[in-house]
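Trainee: Below are the structure tokens for one structure; questions will follow.
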Amino acid sequence: MGSPLRVSIFLVLSIFIQSSAHGQSLGLETFGRSQAVEIKKTFQDTKTRFLLFEGENDQGCEIQLHHPDTLQQCGFNSSLPLVMIIHGWSESVQFSRSNVHLIGYSLGAHVSGFAGSYVGGKHKIGRITGLDAAGPLFEGSPPSDRLSPDDANFVDAIHTFTRGHMGLSVGIKEPIAHYDFYPNGGSFQPGCHFLELYRHITKHGLNAITQTIKCSHERSVHLFIDSLLHAGMQSTAYLCSDMNSFSQGLCLSCKKGHCNTLGYHIRQEWHGKKSRKLFLMTRAQSPFKVYHYQFKMQFFNQIEKPVETTFTMSLLGTKEEMQKIPITLGEGIISNKTYSFLITLDMDIGELVMITLKQENSAVWTNVWNTVQTIIPWGREPLNSGLVLKNIRVKAGEVQQRIIFCSENMDDPQLHPTQEKIFVRCDRNSKRLKQKT
């Protein structure tokens, strides 16, 4: 039996040959007809030549991309063994290894690592990108048996399908690069749930189940291609310990290299020995970029018991407006506790200038509110009951901007059920606040 490296290469090549033979692709149709044509044109314009040799003295017959009929014209015999020779570079032409960028998907990610490790020496391969590197048989393996940061001068990896089943996951979960990206936490991707099966049936027909299963795994490829197609919409990821902390908006910092760009245009800077885990959210389809915001709220509540309620939030920016974003803050709001959470927007709304917060009505809150109104003698000095929110602190991840929003009506900072409360930037209220003081 051949070495593991040879078997791996054979498997990768076999998958590639089978996909090409059946006219399958990595889902270029996902990016739209015009973009698919653009990518296909790029493939057709390549100067790489594919030659088929049948004998020792054969000069080679050229096989053209996207022209399977040339296989028959060149006399391809599927019953004979097939050997594929992939040329690299020659030291005689003084080609720098630092200019080489290997991109491997699934099992191919580890093959790229083996290739980089085999080259070794003082002059390593420039860069290796692992697209959802395979998990089975590689998870927990030593660096020498999988893709690792030692295989190239710079290694980046995108993890998109690490959800485990029976102790195994399709994609590897552990960090294997200098920068490891975990879109949407890395375990699963939006738009790939089995609830999306009907949509996949209308698009892929009988192949819908297969497309649904491999959807999250292939998302790593689409994310990388997306970084090439949308140069002006690069996705930013942020250094964080885990997805739970990230979902609270606690990791939107770019100081000391704590953020980087997902995909081809990543900043190839590395300081330190430990792999960096970066998290980000994405859309369900291309373009995948979203805009990350951290919101911090500190409520004051004169009712001792936690208040169970939900909110909707509308955001007004200098470019666009986003309305009625649902907000849920745990099981109940506790007085004097600061709540931090992450909100992502599909569009660039520009600089945030106003926030509208609405406390949604609920049976529990309505009963409490009505009881308080009945008991308290409103003829005397008014006593604020319920939730009070003085300001909202916001951090925009993509532009690294911090803004504090204050209640527009400083005379009544209380949140009333079903009523909208407007918050504006505190610096714009500074003159009015000074006059009021």
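Identifiers in this document derive from the order of the structure tokens: chains are assigned A, B, ..., residues are numbered from 1 separately in each chain, and ligands are numbered from 1 in order of occurrence.
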Within 10 Å of Arg276 (chain A), counting only C-alpha atoms, which residues qualify if same-chain residues fewer than 6 places away don't, as a ChimeraX atom specification?

Mentor: /A:156,175-181,238-241,257-259,270

Trainee: Kindly save the residues from that selection, with N, CA, C and O atoms included, as a CSV table (one decimal), in the first residue's frame.

Mentor:
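That gives us part06.csv:
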chain,number,residue,atom,x,y,z
A,156,ASP,N,-3.2,30.5,6.6
A,156,ASP,CA,-4.5,30.9,7.1
A,156,ASP,C,-5.5,29.8,6.8
A,156,ASP,O,-5.4,29.1,5.8
A,175,PRO,N,-7.4,24.9,15.9
A,175,PRO,CA,-6.6,25.8,15.1
A,175,PRO,C,-5.5,25.1,14.4
A,175,PRO,O,-4.8,24.3,15.0
A,176,ILE,N,-5.3,25.4,13.1
A,176,ILE,CA,-4.2,24.7,12.3
A,176,ILE,C,-3.3,25.7,11.6
A,176,ILE,O,-2.5,25.3,10.7
A,177,ALA,N,-3.5,27.0,11.8
A,177,ALA,CA,-2.8,28.0,11.0
A,177,ALA,C,-2.4,29.2,11.9
A,177,ALA,O,-2.5,29.2,13.1
A,178,HIS,N,-1.8,30.2,11.3
A,178,HIS,CA,-1.4,31.4,12.0
A,178,HIS,C,-2.7,32.2,12.3
A,178,HIS,O,-2.9,32.6,13.5
A,179,TYR,N,-3.6,32.3,11.4
A,179,TYR,CA,-4.9,32.9,11.6
A,179,TYR,C,-6.0,31.8,11.2
A,179,TYR,O,-6.0,31.4,10.1
A,180,ASP,N,-6.8,31.5,12.2
A,180,ASP,CA,-7.9,30.6,12.0
A,180,ASP,C,-9.3,31.3,12.0
A,180,ASP,O,-9.6,31.9,13.1
A,181,PHE,N,-10.0,31.3,11.0
A,181,PHE,CA,-11.3,32.1,10.9
A,181,PHE,C,-12.4,31.1,11.1
A,181,PHE,O,-12.5,30.0,10.5
A,238,TYR,N,-12.6,39.1,14.0
A,238,TYR,CA,-12.0,39.7,15.2
A,238,TYR,C,-11.5,38.5,16.1
A,238,TYR,O,-12.2,37.5,16.3
A,239,LEU,N,-10.4,38.8,16.8
A,239,LEU,CA,-9.8,37.9,17.7
A,239,LEU,C,-10.7,37.7,18.9
A,239,LEU,O,-11.2,38.7,19.5
A,240,CYS,N,-11.0,36.4,19.2
A,240,CYS,CA,-11.9,36.2,20.4
A,240,CYS,C,-11.7,34.7,20.9
A,240,CYS,O,-11.2,33.9,20.1
A,241,SER,N,-12.0,34.5,22.1
A,241,SER,CA,-11.7,33.2,22.7
A,241,SER,C,-12.8,32.2,22.3
A,241,SER,O,-12.4,31.0,22.1
A,257,GLY,N,-3.3,44.1,16.2
A,257,GLY,CA,-3.5,43.0,15.2
A,257,GLY,C,-4.6,42.1,15.6
A,257,GLY,O,-4.6,40.9,15.2
A,258,HIS,N,-5.6,42.6,16.4
A,258,HIS,CA,-6.7,41.7,16.9
A,258,HIS,C,-7.8,41.5,15.9
A,258,HIS,O,-8.8,40.9,16.2
A,259,CYS,N,-7.7,42.1,14.7
A,259,CYS,CA,-8.6,41.8,13.6
A,259,CYS,C,-7.9,41.6,12.3
A,259,CYS,O,-6.7,42.1,12.2
A,270,TRP,N,2.4,38.5,11.3
A,270,TRP,CA,2.3,37.5,12.3
A,270,TRP,C,3.3,37.8,13.4
A,270,TRP,O,4.5,37.9,13.1

Trainee: Skipping near chain neighbours, those fewer than 5 positions away, what residues fall within 6 Å of region 185-193 of chain A using only C-alpha atoms, listed as a list in words?

Mentor: His159, Thr160, Phe161, Thr162, Arg163, Thr212, Cys215, Ser216, Met243 and Ala284 of chain A

Trainee: What gap, in Å, lies between CA of Asp151 (chain A) and CA of Lys47 (chain A)?

Mentor: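 For CA of Asp151 (chain A) relative to CA of Lys47 (chain A), the distance reads 27.8 Å.
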
Trainee: Skipping near chain neighbours, those fewer than 5 positions away, what residues fall within 12 Å of region 339-342 of chain A using only C-alpha atoms, listed as number ranges by chain?

Mentor: A: 243-252, 280-281, 290-300, 325-330, 332-334, 389, 392-397

Trainee: By how many Å are CA of His217 (chain A) and CA of Tyr105 (chain A) apart?

Mentor: 9.2 Å

Trainee: Fewer than 4 positions away in the same chain doesn't count, so skip those; otherwise give me all residues within 12 Å of Ala231 (chain A), counting only C-alpha atoms, as a ChimeraX atom specification.

Mentor: /A:224-227,235,261-266,287,289

Trainee: Which of these residues is nearest to Lys421 (chain A), using only C-alpha atoms: A:Val388, A:Leu357, A:Leu278, A:Val399?

Mentor: A:Leu357

Trainee: Go through region 238-391 of chain A and collect every residue that DSSP, computed from the backbone, puts in helix (DSSP H, G or I); the answer should be as a PyMOL selection string.

Mentor: chain A and resi 243-247+255-257+363-375

Trainee: For the selection you just gave me, I'd like the residues written to a file as a PDB file, in the first residue's frame, keeping N, CA and C atoms.

Mentor:
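Final output, again00.pdb:
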ATOM      1  N   MET A 243     -17.196  31.688  20.591  1.00  0.00           N
ATOM      2  CA  MET A 243     -18.340  32.294  19.926  1.00  0.00           C
ATOM      3  C   MET A 243     -19.298  32.949  20.925  1.00  0.00           C
ATOM      4  N   ASN A 244     -19.351  32.427  22.140  1.00  0.00           N
ATOM      5  CA  ASN A 244     -20.244  33.004  23.138  1.00  0.00           C
ATOM      6  C   ASN A 244     -19.828  34.437  23.476  1.00  0.00           C
ATOM      7  N   SER A 245     -18.537  34.649  23.653  1.00  0.00           N
ATOM      8  CA  SER A 245     -18.036  35.996  23.937  1.00  0.00           C
ATOM      9  C   SER A 245     -18.240  36.902  22.736  1.00  0.00           C
ATOM     10  N   PHE A 246     -18.047  36.345  21.545  1.00  0.00           N
ATOM     11  CA  PHE A 246     -18.202  37.157  20.339  1.00  0.00           C
ATOM     12  C   PHE A 246     -19.650  37.598  20.154  1.00  0.00           C
ATOM     13  N   SER A 247     -20.604  36.718  20.447  1.00  0.00           N
ATOM     14  CA  SER A 247     -22.021  37.044  20.268  1.00  0.00           C
ATOM     15  C   SER A 247     -22.482  38.115  21.253  1.00  0.00           C
ATOM     16  N   LYS A 255      -7.037  46.567  17.848  1.00  0.00           N
ATOM     17  CA  LYS A 255      -5.761  46.962  18.407  1.00  0.00           C
ATOM     18  C   LYS A 255      -4.777  45.790  18.423  1.00  0.00           C
ATOM     19  N   LYS A 256      -3.504  46.083  18.180  1.00  0.00           N
ATOM     20  CA  LYS A 256      -2.430  45.094  18.237  1.00  0.00           C
ATOM     21  C   LYS A 256      -2.723  43.879  17.354  1.00  0.00           C
ATOM     22  N   GLY A 257      -3.277  44.127  16.162  1.00  0.00           N
ATOM     23  CA  GLY A 257      -3.534  43.035  15.227  1.00  0.00           C
ATOM     24  C   GLY A 257      -4.633  42.093  15.628  1.00  0.00           C
ATOM     25  N   ALA A 363     -47.988  40.261  28.328  1.00  0.00           N
ATOM     26  CA  ALA A 363     -49.060  40.127  29.326  1.00  0.00           C
ATOM     27  C   ALA A 363     -48.533  40.368  30.735  1.00  0.00           C
ATOM     28  N   VAL A 364     -47.343  39.839  31.029  1.00  0.00           N
ATOM     29  CA  VAL A 364     -46.785  39.971  32.378  1.00  0.00           C
ATOM     30  C   VAL A 364     -46.508  41.430  32.688  1.00  0.00           C
ATOM     31  N   TRP A 365     -45.833  42.106  31.736  1.00  0.00           N
ATOM     32  CA  TRP A 365     -45.475  43.509  31.974  1.00  0.00           C
ATOM     33  C   TRP A 365     -46.719  44.402  32.064  1.00  0.00           C
ATOM     34  N   THR A 366     -47.711  44.129  31.220  1.00  0.00           N
ATOM     35  CA  THR A 366     -48.929  44.941  31.234  1.00  0.00           C
ATOM     36  C   THR A 366     -49.634  44.847  32.583  1.00  0.00           C
ATOM     37  N   ASN A 367     -49.704  43.639  33.140  1.00  0.00           N
ATOM     38  CA  ASN A 367     -50.346  43.465  34.445  1.00  0.00           C
ATOM     39  C   ASN A 367     -49.597  44.227  35.529  1.00  0.00           C
ATOM     40  N   VAL A 368     -48.257  44.142  35.505  1.00  0.00           N
ATOM     41  CA  VAL A 368     -47.456  44.859  36.502  1.00  0.00           C
ATOM     42  C   VAL A 368     -47.668  46.354  36.359  1.00  0.00           C
ATOM     43  N   TRP A 369     -47.623  46.834  35.117  1.00  0.00           N
ATOM     44  CA  TRP A 369     -47.771  48.271  34.849  1.00  0.00           C
ATOM     45  C   TRP A 369     -49.135  48.780  35.317  1.00  0.00           C
ATOM     46  N   ASN A 370     -50.191  48.022  34.990  1.00  0.00           N
ATOM     47  CA  ASN A 370     -51.535  48.429  35.393  1.00  0.00           C
ATOM     48  C   ASN A 370     -51.693  48.427  36.915  1.00  0.00           C
ATOM     49  N   THR A 371     -51.068  47.424  37.574  1.00  0.00           N
ATOM     50  CA  THR A 371     -51.136  47.350  39.035  1.00  0.00           C
ATOM     51  C   THR A 371     -50.466  48.552  39.676  1.00  0.00           C
ATOM     52  N   VAL A 372     -49.265  48.905  39.146  1.00  0.00           N
ATOM     53  CA  VAL A 372     -48.525  50.050  39.685  1.00  0.00           C
ATOM     54  C   VAL A 372     -49.322  51.330  39.511  1.00  0.00           C
ATOM     55  N   GLN A 373     -49.947  51.496  38.344  1.00  0.00           N
ATOM     56  CA  GLN A 373     -50.736  52.702  38.079  1.00  0.00           C
ATOM     57  C   GLN A 373     -51.928  52.804  39.031  1.00  0.00           C
ATOM     58  N   THR A 374     -52.453  51.641  39.413  1.00  0.00           N
ATOM     59  CA  THR A 374     -53.613  51.627  40.301  1.00  0.00           C
ATOM     60  C   THR A 374     -53.223  51.950  41.736  1.00  0.00           C
ATOM     61  N   ILE A 375     -52.117  51.403  42.192  1.00  0.00           N
ATOM     62  CA  ILE A 375     -51.702  51.537  43.588  1.00  0.00           C
ATOM     63  C   ILE A 375     -51.123  52.909  43.890  1.00  0.00           C
TER      64      ILE A 375
END

Trainee: How many Å lie between CA of Asn99 (chain A) and CA of Thr48 (chain A), rounded to one decimal?

Mentor: 17.4 Å

Trainee: With only C-alpha atoms as the basis for distance, which of A:Val111, A:Val119, A:Leu229, A:Ala133 is at the shortest distance from Asn153 (chain A)?

Mentor: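 Ranking A:Val111, A:Val119, A:Leu229, A:Ala133 by distance to Asn153 (chain A), first place goes to A:Val119.
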
Trainee: I need the residue nearest Ala157 (chain A) from this list: A:Gln359, A:Ser220, A:Thr282, A:Ser96. Use only C-alpha atoms for the distance.

Mentor: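 When distances to Ala157 (chain A) are compared using only C-alpha atoms, the smallest one comes from A:Ser220.
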
Trainee: Name the residues of region 108-293 of chain A that come out as strand (DSSP E or B) in a backbone DSSP run; write them as JSON, numbers by chain.

Mentor: {"A": [127, 128, 129, 130, 131, 134, 154, 155, 156, 157, 158, 164, 165, 168, 169, 171, 179, 180, 181, 182, 183, 236, 237, 238, 239, 259, 260, 261, 276, 277, 278, 279, 280, 291, 292, 293]}

Trainee: Please produce a file of the residues just selected, as a compact mmCIF listing (two decimals), in the first residue's frame, where the atoms kept are N, CA, C and O atoms.

Mentor:
# COMPACT_ATOMS: atom_id res chain seq x y z
N ARG A 127 2.67 31.00 1.08
CA ARG A 127 1.39 30.98 1.79
C ARG A 127 0.59 29.73 1.47
O ARG A 127 0.63 29.23 0.35
N ILE A 128 -0.10 29.22 2.47
CA ILE A 128 -1.04 28.11 2.30
C ILE A 128 -2.37 28.53 2.91
O ILE A 128 -2.42 29.04 4.04
N THR A 129 -3.45 28.33 2.17
CA THR A 129 -4.80 28.60 2.67
C THR A 129 -5.57 27.30 2.75
O THR A 129 -5.71 26.60 1.75
N GLY A 130 -6.06 26.97 3.93
CA GLY A 130 -6.86 25.76 4.11
C GLY A 130 -8.33 26.11 4.20
O GLY A 130 -8.74 26.89 5.06
N LEU A 131 -9.12 25.56 3.28
CA LEU A 131 -10.56 25.84 3.23
C LEU A 131 -11.32 24.67 3.85
O LEU A 131 -11.48 23.62 3.25
N ALA A 134 -10.18 18.95 6.29
CA ALA A 134 -10.88 17.73 6.72
C ALA A 134 -10.63 17.45 8.20
O ALA A 134 -9.52 17.63 8.71
N PHE A 154 3.33 31.74 5.80
CA PHE A 154 2.06 32.23 6.34
C PHE A 154 0.97 31.24 6.01
O PHE A 154 0.83 30.81 4.85
N VAL A 155 0.20 30.85 7.02
CA VAL A 155 -0.89 29.88 6.84
C VAL A 155 -2.17 30.47 7.42
O VAL A 155 -2.19 30.94 8.57
N ASP A 156 -3.23 30.47 6.62
CA ASP A 156 -4.54 30.89 7.11
C ASP A 156 -5.55 29.80 6.81
O ASP A 156 -5.41 29.05 5.84
N ALA A 157 -6.56 29.68 7.66
CA ALA A 157 -7.56 28.61 7.51
C ALA A 157 -8.95 29.16 7.80
O ALA A 157 -9.13 30.03 8.66
N ILE A 158 -9.94 28.64 7.06
CA ILE A 158 -11.34 29.02 7.25
C ILE A 158 -12.11 27.77 7.66
O ILE A 158 -12.12 26.76 6.94
N GLY A 164 -20.05 18.48 15.20
CA GLY A 164 -19.72 17.07 15.36
C GLY A 164 -20.92 16.16 15.26
O GLY A 164 -22.04 16.50 15.66
N HIS A 165 -20.70 14.98 14.70
CA HIS A 165 -21.69 13.91 14.63
C HIS A 165 -21.00 12.61 14.99
O HIS A 165 -20.02 12.21 14.34
N LEU A 168 -17.31 12.89 15.34
CA LEU A 168 -16.55 13.32 14.17
C LEU A 168 -17.20 14.55 13.56
O LEU A 168 -18.39 14.75 13.66
N SER A 169 -16.39 15.36 12.91
CA SER A 169 -16.91 16.50 12.18
C SER A 169 -16.26 16.53 10.81
O SER A 169 -15.12 16.11 10.64
N GLY A 171 -15.34 19.11 8.99
CA GLY A 171 -14.21 20.03 9.01
C GLY A 171 -13.50 20.00 10.35
O GLY A 171 -14.11 19.77 11.40
N TYR A 179 -3.60 32.25 11.37
CA TYR A 179 -4.92 32.85 11.59
C TYR A 179 -5.99 31.83 11.22
O TYR A 179 -6.03 31.35 10.08
N ASP A 180 -6.84 31.49 12.19
CA ASP A 180 -7.95 30.56 11.95
C ASP A 180 -9.25 31.33 12.05
O ASP A 180 -9.58 31.91 13.09
N PHE A 181 -10.01 31.34 10.95
CA PHE A 181 -11.27 32.07 10.88
C PHE A 181 -12.45 31.13 11.13
O PHE A 181 -12.51 30.04 10.54
N TYR A 182 -13.39 31.57 11.97
CA TYR A 182 -14.57 30.77 12.29
C TYR A 182 -15.83 31.59 11.96
O TYR A 182 -16.44 32.20 12.85
N PRO A 183 -16.24 31.62 10.70
CA PRO A 183 -17.46 32.37 10.32
C PRO A 183 -18.69 31.78 11.01
O PRO A 183 -18.88 30.56 11.02
N THR A 236 -14.43 41.52 7.78
CA THR A 236 -13.49 41.65 8.89
C THR A 236 -13.83 40.66 9.99
O THR A 236 -14.99 40.51 10.36
N ALA A 237 -12.81 39.98 10.50
CA ALA A 237 -12.98 39.03 11.60
C ALA A 237 -12.18 39.52 12.80
O ALA A 237 -11.18 40.23 12.64
N TYR A 238 -12.60 39.10 14.00
CA TYR A 238 -12.03 39.65 15.22
C TYR A 238 -11.54 38.54 16.15
O TYR A 238 -12.18 37.50 16.30
N LEU A 239 -10.38 38.81 16.77
CA LEU A 239 -9.80 37.86 17.71
C LEU A 239 -10.71 37.68 18.91
O LEU A 239 -11.16 38.66 19.52
N CYS A 259 -7.67 42.07 14.70
CA CYS A 259 -8.64 41.81 13.64
C CYS A 259 -7.89 41.64 12.33
O CYS A 259 -6.74 42.08 12.20
N ASN A 260 -8.53 40.98 11.38
CA ASN A 260 -7.90 40.77 10.08
C ASN A 260 -8.98 40.53 9.03
O ASN A 260 -10.16 40.36 9.35
N THR A 261 -8.57 40.51 7.78
CA THR A 261 -9.49 40.37 6.66
C THR A 261 -9.59 38.91 6.24
O THR A 261 -8.57 38.23 6.07
N ARG A 276 -4.09 32.29 16.14
CA ARG A 276 -5.10 33.27 16.51
C ARG A 276 -6.46 32.85 15.95
O ARG A 276 -6.59 32.63 14.74
N LYS A 277 -7.45 32.77 16.82
CA LYS A 277 -8.81 32.40 16.42
C LYS A 277 -9.62 33.66 16.23
O LYS A 277 -9.79 34.46 17.15
N LEU A 278 -10.14 33.84 15.02
CA LEU A 278 -10.92 35.03 14.70
C LEU A 278 -12.35 34.64 14.34
O LEU A 278 -12.57 33.64 13.64
N PHE A 279 -13.30 35.44 14.79
CA PHE A 279 -14.71 35.16 14.55
C PHE A 279 -15.37 36.31 13.79
O PHE A 279 -14.94 37.47 13.87
N LEU A 280 -16.41 35.97 13.06
CA LEU A 280 -17.20 36.97 12.34
C LEU A 280 -18.55 36.36 11.99
O LEU A 280 -18.72 35.13 12.02
N TYR A 291 -21.91 44.06 8.82
CA TYR A 291 -21.30 45.08 9.65
C TYR A 291 -21.62 44.79 11.12
O TYR A 291 -22.78 44.61 11.48
N HIS A 292 -20.57 44.73 11.94
CA HIS A 292 -20.72 44.31 13.34
C HIS A 292 -20.81 45.52 14.27
O HIS A 292 -20.02 46.46 14.16
N TYR A 293 -21.77 45.45 15.21
CA TYR A 293 -21.95 46.50 16.21
C TYR A 293 -22.11 45.87 17.59
O TYR A 293 -22.84 44.89 17.76
